[in-house]
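The next block holds one structure in the form of C-alpha cells; read it before the comments.
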Amino acid sequence: MKKEKYNIEGIEIEVDKHDPNDKDAKRRMLAYCFRMIRQESGMNRKDFAEWLGIPYRTMQEWELERRAMPEYVLRLIAYKVYNEKSKKEE
C-alpha cells in the first residue's frame with residue numbers, strides 16, 4: 001500500500017494512503033495518528049490523558065479504534081503537543 005505524509009498542526013506522520021470515502025479507513029488513520037502524536041509527546045497513556053484532561057478510557061477507546069475520534073480533537077491535541085515541544089526546545 002502507498003504511504004503518504006500527513007501533517008497535523010506541524011507534526012508529520014507517515015500513514016497508509018486510504019480511500020477518503022471509507023469511514024473505517026479514516027477512523028483507523030485517525031487512531032494511528034493519535035497514537036503517533038502521543039508517542040511524540042513521550043508520555044504513556046495515563047500521563048497523556050491527565051495532561052490533556054481527557055478521561056483515560058475515552059483516549060484508550062480512540063487508540064484502539066473502538067470509538068471514532070473527531071478530527072478537530074486530533075488537530076487540537078496535535079497543536080498542543082507541537083507547541084509544548086517547541087517551548088521545551090527554546
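Labels used: A, B, ... for chains in the order of the C-alpha cells, numbers from 1 for residues in each chain, and numbers from 1 for ligands as shown.
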### Task
Within 10 Å of range 35-52 of chain A, counting only C-alpha atoms, which residues show up once you throw out same-chain ones fewer than 6 positions away? Write them as JSON, numbers by chain, please.
{"A": [8, 11, 12, 13, 14, 29, 58, 59, 60, 62, 63, 64, 74, 77, 78, 79, 80, 81, 82, 84, 85]}
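Contact shell of Asp16 in chain A at 12 Å (only C-alpha atoms; same-chain neighbours under 5 positions omitted): Met1, Lys2, Lys3, Glu4, Lys5, Tyr6, Ala25, Lys26, Arg28, Met29, Leu30, Tyr32 and Cys33 of chain A.
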Restrict the selected residues to N, CA and C atoms and save them as a tab-separated table (two decimals), in the first residue's frame.
```tsv
chain	number	residue	atom	x	y	z
A	1	MET	N	0.84	-1.18	0.00
A	1	MET	CA	0.00	0.00	0.00
A	1	MET	C	0.89	1.24	0.00
A	2	LYS	N	0.46	2.27	-0.70
A	2	LYS	CA	1.23	3.50	-0.79
A	2	LYS	C	1.16	4.26	0.53
A	3	LYS	N	2.25	4.96	0.82
A	3	LYS	CA	2.32	5.79	2.02
A	3	LYS	C	2.19	7.24	1.61
A	4	GLU	N	1.70	8.05	2.54
A	4	GLU	CA	1.65	9.48	2.31
A	4	GLU	C	1.95	10.18	3.63
A	5	LYS	N	2.49	11.37	3.53
A	5	LYS	CA	2.77	12.18	4.71
A	5	LYS	C	1.52	12.94	5.07
A	6	TYR	N	1.21	12.95	6.32
A	6	TYR	CA	0.03	13.64	6.82
A	6	TYR	C	0.54	14.64	7.85
A	25	ALA	N	-11.53	3.24	7.27
A	25	ALA	CA	-10.14	3.57	6.98
A	25	ALA	C	-9.78	4.91	7.62
A	26	LYS	N	-10.67	5.85	7.56
A	26	LYS	CA	-10.40	7.16	8.17
A	26	LYS	C	-10.29	7.02	9.68
A	28	ARG	N	-9.34	4.39	11.34
A	28	ARG	CA	-8.05	3.73	11.61
A	28	ARG	C	-6.90	4.72	11.49
A	29	MET	N	-6.96	5.56	10.45
A	29	MET	CA	-5.91	6.54	10.23
A	29	MET	C	-5.85	7.55	11.38
A	30	LEU	N	-7.01	8.03	11.83
A	30	LEU	CA	-7.05	8.98	12.94
A	30	LEU	C	-6.52	8.35	14.23
A	32	TYR	N	-4.37	5.87	14.44
A	32	TYR	CA	-2.92	5.72	14.25
A	32	TYR	C	-2.22	7.06	14.49
A	33	CYS	N	-2.75	8.12	13.92
A	33	CYS	CA	-2.16	9.45	14.09
A	33	CYS	C	-2.18	9.86	15.56
```
### Query
Running DSSP on the backbone, which parts of chain A land in helix (DSSP H, G or I), as number ranges by chain?
A: 23-41, 45-52, 56-63, 71-89
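Using only C-alpha atoms for every distance, the candidate list A:Glu9, A:Arg57, A:Lys17, A:Asn83 yields A:Glu9 as the residue closest to Glu71 in chain A.
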#### Entry: Expected answer as a PyMOL selection string: strand (DSSP E or B) residues in chain A
chain A and resi 3-8+11-16
Would you mind exporting N, CA, C and O atoms of the selected residues as a PDB file, in the first residue's frame?
```
ATOM      1  N   LYS A   3       2.247   4.956   0.821  1.00  0.00           N
ATOM      2  CA  LYS A   3       2.315   5.792   2.020  1.00  0.00           C
ATOM      3  C   LYS A   3       2.192   7.245   1.611  1.00  0.00           C
ATOM      4  O   LYS A   3       2.521   7.628   0.495  1.00  0.00           O
ATOM      5  N   GLU A   4       1.696   8.047   2.539  1.00  0.00           N
ATOM      6  CA  GLU A   4       1.646   9.479   2.314  1.00  0.00           C
ATOM      7  C   GLU A   4       1.949  10.180   3.634  1.00  0.00           C
ATOM      8  O   GLU A   4       1.707   9.635   4.703  1.00  0.00           O
ATOM      9  N   LYS A   5       2.492  11.370   3.529  1.00  0.00           N
ATOM     10  CA  LYS A   5       2.773  12.176   4.713  1.00  0.00           C
ATOM     11  C   LYS A   5       1.516  12.945   5.071  1.00  0.00           C
ATOM     12  O   LYS A   5       0.841  13.497   4.214  1.00  0.00           O
ATOM     13  N   TYR A   6       1.206  12.952   6.322  1.00  0.00           N
ATOM     14  CA  TYR A   6       0.034  13.638   6.823  1.00  0.00           C
ATOM     15  C   TYR A   6       0.536  14.643   7.848  1.00  0.00           C
ATOM     16  O   TYR A   6       1.144  14.260   8.850  1.00  0.00           O
ATOM     17  N   ASN A   7       0.332  15.922   7.613  1.00  0.00           N
ATOM     18  CA  ASN A   7       0.793  16.958   8.529  1.00  0.00           C
ATOM     19  C   ASN A   7      -0.382  17.406   9.380  1.00  0.00           C
ATOM     20  O   ASN A   7      -1.374  17.910   8.869  1.00  0.00           O
ATOM     21  N   ILE A   8      -0.234  17.211  10.674  1.00  0.00           N
ATOM     22  CA  ILE A   8      -1.283  17.601  11.604  1.00  0.00           C
ATOM     23  C   ILE A   8      -0.710  18.675  12.515  1.00  0.00           C
ATOM     24  O   ILE A   8       0.071  18.379  13.415  1.00  0.00           O
ATOM     25  N   ILE A  11       3.017  18.440  13.043  1.00  0.00           N
ATOM     26  CA  ILE A  11       3.574  17.113  13.312  1.00  0.00           C
ATOM     27  C   ILE A  11       3.365  16.263  12.069  1.00  0.00           C
ATOM     28  O   ILE A  11       2.232  16.047  11.649  1.00  0.00           O
ATOM     29  N   GLU A  12       4.476  15.795  11.474  1.00  0.00           N
ATOM     30  CA  GLU A  12       4.375  14.973  10.261  1.00  0.00           C
ATOM     31  C   GLU A  12       4.307  13.498  10.635  1.00  0.00           C
ATOM     32  O   GLU A  12       5.116  13.003  11.412  1.00  0.00           O
ATOM     33  N   ILE A  13       3.329  12.818  10.045  1.00  0.00           N
ATOM     34  CA  ILE A  13       3.121  11.396  10.297  1.00  0.00           C
ATOM     35  C   ILE A  13       2.959  10.713   8.955  1.00  0.00           C
ATOM     36  O   ILE A  13       2.201  11.179   8.105  1.00  0.00           O
ATOM     37  N   GLU A  14       3.669   9.604   8.775  1.00  0.00           N
ATOM     38  CA  GLU A  14       3.529   8.829   7.545  1.00  0.00           C
ATOM     39  C   GLU A  14       2.451   7.772   7.759  1.00  0.00           C
ATOM     40  O   GLU A  14       2.514   6.994   8.699  1.00  0.00           O
ATOM     41  N   VAL A  15       1.456   7.782   6.886  1.00  0.00           N
ATOM     42  CA  VAL A  15       0.329   6.854   7.006  1.00  0.00           C
ATOM     43  C   VAL A  15       0.091   6.147   5.681  1.00  0.00           C
ATOM     44  O   VAL A  15       0.527   6.614   4.629  1.00  0.00           O
ATOM     45  N   ASP A  16      -0.615   5.028   5.743  1.00  0.00           N
ATOM     46  CA  ASP A  16      -1.031   4.341   4.519  1.00  0.00           C
ATOM     47  C   ASP A  16      -2.084   5.199   3.827  1.00  0.00           C
ATOM     48  O   ASP A  16      -2.978   5.744   4.479  1.00  0.00           O
TER      49      ASP A  16
END
```
